[in-house]
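Peer 1: Questions regarding the structure given below will be posed in turn.
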Amino acid sequence: MSAAAGQPTPTPPPTPTVVKLGGSCLDDLDGSWWDDLARHGRERPLVLVHGWSKPLRKLSPRYSEPSAVLRDRYGNQSRWTTPEVIADIKTVSAELGADVLARLESRGITAERLLGSDGLIQAGPGERWWWRDKQLVELENLVGPITGVDPAALKNLQPGQAYLVTPLARNSEGQEINTDADRAAAAVAGAAGAEDLVLVTDVAHLLIDGEPVRRITAADAAAFRDKGATGGMRKKLRAAGEALDRGVRRVVIGSASVTDLLDARTGTVITRT
């Protein structure tokens with residue numbers, strides 16, 4: 001009871017679950033996967049952050065060419081992003097978003113699409129020097145690190161409601177910026193007070209020395225990330241560490257239903273200790 005008012009202390013609303021949907025696996029999520037997500041969404045608010053790699057490659061063959069991907073001086077991979085690429089990202093995201101929202105709403109979840117660049121995600125200056133054709137050259141590349149997330153953009157989150165976030169951001173000059181979807185999901189999860197971040201991808205587990213890893217600490221995951229992880233898994237492990245640093249209780253990586261992943265029946269669970 002509240003000493004001041006003599007009334008019961010109100011129960012705080014449930015924290016959201018943040019789910020990152022990999023662009024490479026969206027076509028493979030069947031009706032039972034969406035049924036499970038909707039059941040979870042009736043108990044907790046949902047924030048879905050989507051990738052767009054596969055839809056973008058379908059839009060134009062140029063996005064499959066090696067020249068579409070750059071590496072910075074530190075070996076980090078990034079899509080070469082121009083204003084035209086931002087426009088194409090918005091095009092495929094709108095189509096993808098219409099499909100995802102329809103799937104959720106047909107299952108009783110009220111869903112809304114939100115561009116991260118519409119007040120949710122802020123980005124800082126990006127690298128200007130990139131490896132291209134085996135040469136380090138200065139390029140205008142509209143990518144940048146996430147510097148802040150304003151959770152006020154996720155209005156009235158409650159069970160039965162979901163946001164689908166397109167992980168674009170806006171920098172201090174007002175430009176729209178491409179960001180990594182896994183790391184955007186981590187930043188959103190931390191800002192929204194989520195306990196769980198689920199990274200849904202096309203691999204069942206983290207593999208170390210060819211063996212599936214069911215549980216791992218953030219420190220051990222970071223050590224493997226810096227020594228043995230490559231490509232998309234390296235980014236996911238970096239995102240997992242950033243989410244845990246921002247207060248998220250656990251991060252799960254896998255290719256199963258959200259319930260199975262959160263219940264640790266499959267996938268890889270990453271925790272602070």
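Every chain in the structure tokens takes a letter, A first, then B, and so on in the order presented; its residues are numbered from 1, and the ligands are numbered from 1 following the presented order.
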Under the rule of at most 12 Å, produce a per-residue listing of stretch 68-169 of chain A near stretch 236-251 of chain A: chain, number, name, the closest pair of atoms, and the distance in Å, as a Markdown table, using only C-alpha atoms.
Peer 2:
```
| residue | atom | partner | partner_atom | distance |
| --- | --- | --- | --- | --- |
| A:Asn76 | CA | A:Arg238 | CA | 11.4 |
| A:Ile146 | CA | A:Glu242 | CA | 11.1 |
| A:Gly148 | CA | A:Arg246 | CA | 11.5 |
| A:Val149 | CA | A:Arg246 | CA | 11.5 |
```
Peer 1: Using only C-alpha atoms, find each residue of stretch 5-38 of chain A with at least one atom at most 10 Å away from an atom of stretch 101-112 of chain A; report its shortest atom-to-atom pair and that distance in Å (one decimal), sort the rows by chain and rising residue number, and return the result as CSV.
Peer 2:
```
residue,atom,partner,partner_atom,distance
A:Gly31,CA,A:Arg103,CA,8.6
A:Trp34,CA,A:Arg103,CA,7.1
A:Asp35,CA,A:Arg107,CA,7.0
A:Asp36,CA,A:Arg107,CA,9.9
A:Leu37,CA,A:Leu104,CA,8.4
A:Ala38,CA,A:Arg107,CA,6.2
```
Peer 1: Would you please work out which residue, of A:Gly119, A:Pro159, A:Pro145, A:Pro151, is nearest to A:Gly174 when using only C-alpha atoms?
Peer 2: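 Closest candidate: A:Gly119.
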Peer 1: Excluding same-chain residues fewer than 5 positions from A:Leu48, what lies within 6 Å of it counting only C-alpha atoms, as a ChimeraX atom specification?
Peer 2: /A:18-20,164-165
Peer 1: From the list A:Gln158, A:Thr268, A:Gln7, A:Thr166, which residue is nearest A:Gly22 when using only C-alpha atoms?
Peer 2: A:Thr166
Peer 1: I want to know what sits within 12 Å of A:Arg128, based on only C-alpha atoms, with residues of the same chain fewer than 3 positions away left out; could you give that as a ChimeraX atom specification?
Peer 2: /A:70-73,78,80,125,131,136-144
Peer 1: What would the file look like if the residues just selected were written as a CSV table (one decimal), in the first residue's frame with all heavy atoms?
Peer 2:
```
chain,number,residue,atom,x,y,z
A,70,LEU,N,31.6,-2.5,-48.5
A,70,LEU,CA,32.8,-1.8,-48.2
A,70,LEU,C,33.4,-2.4,-46.9
A,70,LEU,O,32.6,-2.9,-46.1
A,70,LEU,CB,32.7,-0.3,-48.2
A,70,LEU,CG,32.1,0.4,-49.4
A,70,LEU,CD1,31.9,1.9,-49.0
A,70,LEU,CD2,33.0,0.3,-50.6
A,71,ARG,N,34.7,-2.2,-46.7
A,71,ARG,CA,35.2,-2.4,-45.3
A,71,ARG,C,36.0,-1.2,-44.9
A,71,ARG,O,36.7,-0.6,-45.7
A,71,ARG,CB,36.2,-3.7,-45.4
A,71,ARG,CG,35.4,-5.0,-45.6
A,71,ARG,CD,36.4,-6.2,-45.4
A,71,ARG,NE,35.7,-7.4,-45.7
A,71,ARG,CZ,35.0,-8.1,-44.8
A,71,ARG,NH1,34.9,-7.6,-43.5
A,71,ARG,NH2,34.4,-9.2,-45.1
A,72,ASP,N,35.9,-0.9,-43.6
A,72,ASP,CA,36.6,0.3,-43.1
A,72,ASP,C,38.0,-0.1,-42.8
A,72,ASP,O,38.5,-1.2,-42.9
A,72,ASP,CB,35.9,1.0,-42.0
A,72,ASP,CG,35.8,0.1,-40.7
A,72,ASP,OD1,36.6,-0.9,-40.6
A,72,ASP,OD2,35.0,0.4,-39.8
A,73,ARG,N,38.8,0.8,-42.2
A,73,ARG,CA,40.2,0.6,-41.9
A,73,ARG,C,40.4,-0.5,-40.9
A,73,ARG,O,41.5,-1.1,-40.8
A,73,ARG,CB,40.8,1.9,-41.4
A,73,ARG,CG,41.0,3.0,-42.4
A,73,ARG,CD,41.5,4.3,-41.8
A,73,ARG,NE,40.4,4.9,-41.0
A,73,ARG,CZ,40.6,5.9,-40.2
A,73,ARG,NH1,41.8,6.5,-40.1
A,73,ARG,NH2,39.7,6.4,-39.5
A,78,SER,N,30.4,-2.9,-44.3
A,78,SER,CA,29.3,-2.0,-44.4
A,78,SER,C,28.8,-1.9,-45.8
A,78,SER,O,29.6,-2.0,-46.8
A,78,SER,CB,29.7,-0.6,-43.9
A,78,SER,OG,28.7,0.4,-44.2
A,80,TRP,N,27.7,0.0,-49.0
A,80,TRP,CA,28.0,1.4,-49.5
A,80,TRP,C,26.6,2.0,-49.7
A,80,TRP,O,25.8,1.6,-50.5
A,80,TRP,CB,28.7,1.3,-50.8
A,80,TRP,CG,29.2,2.6,-51.3
A,80,TRP,CD1,29.1,3.8,-50.7
A,80,TRP,CD2,29.9,2.9,-52.5
A,80,TRP,NE1,29.6,4.8,-51.4
A,80,TRP,CE2,30.1,4.3,-52.6
A,80,TRP,CE3,30.3,2.1,-53.6
A,80,TRP,CZ2,30.7,4.9,-53.7
A,80,TRP,CZ3,30.9,2.7,-54.7
A,80,TRP,CH2,31.1,4.1,-54.7
A,125,PRO,N,28.9,10.7,-36.6
A,125,PRO,CA,29.7,10.7,-37.9
A,125,PRO,C,30.3,9.3,-38.2
A,125,PRO,O,30.7,8.6,-37.3
A,125,PRO,CB,30.8,11.7,-37.6
A,125,PRO,CG,30.4,12.5,-36.5
A,125,PRO,CD,29.5,11.6,-35.6
A,131,TRP,N,38.0,0.6,-47.7
A,131,TRP,CA,38.7,-0.3,-48.7
A,131,TRP,C,37.8,-0.6,-49.9
A,131,TRP,O,36.7,-1.0,-49.7
A,131,TRP,CB,39.1,-1.6,-48.1
A,131,TRP,CG,40.3,-1.5,-47.1
A,131,TRP,CD1,40.3,-1.4,-45.8
A,131,TRP,CD2,41.7,-1.3,-47.5
A,131,TRP,NE1,41.5,-1.3,-45.3
A,131,TRP,CE2,42.4,-1.2,-46.3
A,131,TRP,CE3,42.3,-1.3,-48.7
A,131,TRP,CZ2,43.8,-1.1,-46.3
A,131,TRP,CZ3,43.7,-1.1,-48.7
A,131,TRP,CH2,44.4,-1.0,-47.5
A,136,LEU,N,42.5,1.9,-50.2
A,136,LEU,CA,41.9,2.6,-49.2
A,136,LEU,C,41.6,4.0,-49.7
A,136,LEU,O,42.5,4.8,-50.0
A,136,LEU,CB,42.8,2.8,-47.9
A,136,LEU,CG,42.2,3.3,-46.6
A,136,LEU,CD1,41.0,2.4,-46.2
A,136,LEU,CD2,43.2,3.4,-45.6
A,137,VAL,N,40.3,4.3,-49.9
A,137,VAL,CA,39.9,5.6,-50.5
A,137,VAL,C,38.9,6.3,-49.7
A,137,VAL,O,38.2,5.7,-48.8
A,137,VAL,CB,39.3,5.3,-51.9
A,137,VAL,CG1,40.3,4.7,-52.9
A,137,VAL,CG2,38.1,4.4,-51.8
A,138,GLU,N,38.8,7.6,-49.8
A,138,GLU,CA,37.9,8.5,-49.1
A,138,GLU,C,36.5,8.4,-49.9
A,138,GLU,O,36.5,8.8,-51.1
A,138,GLU,CB,38.4,9.9,-48.9
A,138,GLU,CG,37.5,10.7,-48.0
A,138,GLU,CD,38.1,12.1,-47.7
A,138,GLU,OE1,39.1,12.5,-48.5
A,138,GLU,OE2,37.7,12.8,-46.8
A,139,LEU,N,35.5,8.1,-49.2
A,139,LEU,CA,34.2,7.9,-49.8
A,139,LEU,C,33.1,8.6,-48.9
A,139,LEU,O,33.2,8.5,-47.7
A,139,LEU,CB,33.8,6.5,-50.0
A,139,LEU,CG,34.5,5.7,-51.1
A,139,LEU,CD1,34.1,4.2,-51.0
A,139,LEU,CD2,34.2,6.2,-52.5
A,140,GLU,N,32.1,9.1,-49.6
A,140,GLU,CA,30.9,9.5,-48.9
A,140,GLU,C,30.0,8.3,-48.7
A,140,GLU,O,29.5,7.7,-49.7
A,140,GLU,CB,30.1,10.6,-49.7
A,140,GLU,CG,28.9,11.1,-49.0
A,140,GLU,CD,29.1,12.0,-47.8
A,140,GLU,OE1,30.2,12.6,-47.7
A,140,GLU,OE2,28.2,12.0,-46.9
A,141,ASN,N,29.9,7.8,-47.5
A,141,ASN,CA,29.1,6.6,-47.2
A,141,ASN,C,28.1,6.9,-46.1
A,141,ASN,O,28.5,7.3,-45.0
A,141,ASN,CB,30.0,5.5,-46.8
A,141,ASN,CG,29.3,4.1,-46.8
A,141,ASN,OD1,28.3,4.0,-47.3
A,141,ASN,ND2,29.9,3.2,-46.1
A,142,LEU,N,26.8,6.9,-46.4
A,142,LEU,CA,25.8,7.3,-45.4
A,142,LEU,C,25.5,6.2,-44.4
A,142,LEU,O,24.5,5.6,-44.3
A,142,LEU,CB,24.5,7.7,-46.1
A,142,LEU,CG,24.6,9.0,-47.0
A,142,LEU,CD1,23.3,9.2,-47.7
A,142,LEU,CD2,25.0,10.2,-46.2
A,143,VAL,N,26.6,5.9,-43.6
A,143,VAL,CA,26.4,5.0,-42.4
A,143,VAL,C,27.0,5.7,-41.2
A,143,VAL,O,27.8,6.6,-41.4
A,143,VAL,CB,27.1,3.7,-42.7
A,143,VAL,CG1,26.5,3.0,-43.9
A,143,VAL,CG2,28.6,3.9,-42.9
A,144,GLY,N,26.7,5.3,-40.1
A,144,GLY,CA,27.2,5.9,-38.9
A,144,GLY,C,26.9,5.1,-37.6
A,144,GLY,O,25.9,4.4,-37.6
```
Peer 1: For A:Asp28, please output as an mmCIF file with C-alpha atoms, in the first residue's frame all residues within 12 Å (counting only C-alpha atoms; exclusion window: fewer than 4 positions along the same chain).
Peer 2:
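Everything below was put into out10.cif:
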```
data_model
loop_
_atom_site.group_PDB
_atom_site.id
_atom_site.type_symbol
_atom_site.label_atom_id
_atom_site.label_comp_id
_atom_site.auth_asym_id
_atom_site.auth_seq_id
_atom_site.Cartn_x
_atom_site.Cartn_y
_atom_site.Cartn_z
ATOM 1 C CA LEU A 21 14.163 -10.248 -37.786
ATOM 2 C CA GLY A 22 17.032 -11.015 -40.133
ATOM 3 C CA GLY A 23 16.375 -10.005 -43.714
ATOM 4 C CA SER A 24 17.799 -13.334 -44.869
ATOM 5 C CA SER A 32 3.257 -21.296 -36.837
ATOM 6 C CA TRP A 33 6.189 -18.967 -36.158
ATOM 7 C CA TRP A 34 3.913 -15.927 -36.447
ATOM 8 C CA LYS A 54 17.731 -10.258 -49.010
ATOM 9 C CA VAL A 200 16.228 -14.353 -35.210
ATOM 10 C CA THR A 201 18.546 -15.455 -37.969
ATOM 11 C CA ASP A 202 19.101 -18.336 -40.394
ATOM 12 C CA VAL A 203 21.511 -20.274 -38.151
ATOM 13 C CA SER A 255 16.344 -19.730 -35.923
ATOM 14 C CA ALA A 256 13.381 -21.112 -33.940
ATOM 15 C CA SER A 257 10.175 -19.641 -32.520
#
```
Peer 1: Using Å and a single decimal, report how far atom CA of A:Arg265 sits from atom CA of A:Ala204.
Peer 2: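 Taking atom CA of A:Ala204 as the start and atom CA of A:Arg265 as the end point, the length is 11.1 Å.
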Peer 1: Measuring between only C-alpha atoms, which one of A:Asp118, A:Glu176, A:Asp30, A:Asn156 shows the shortest distance to A:Thr82?
Peer 2: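 Distance minimum relative to A:Thr82 lands on A:Glu176.
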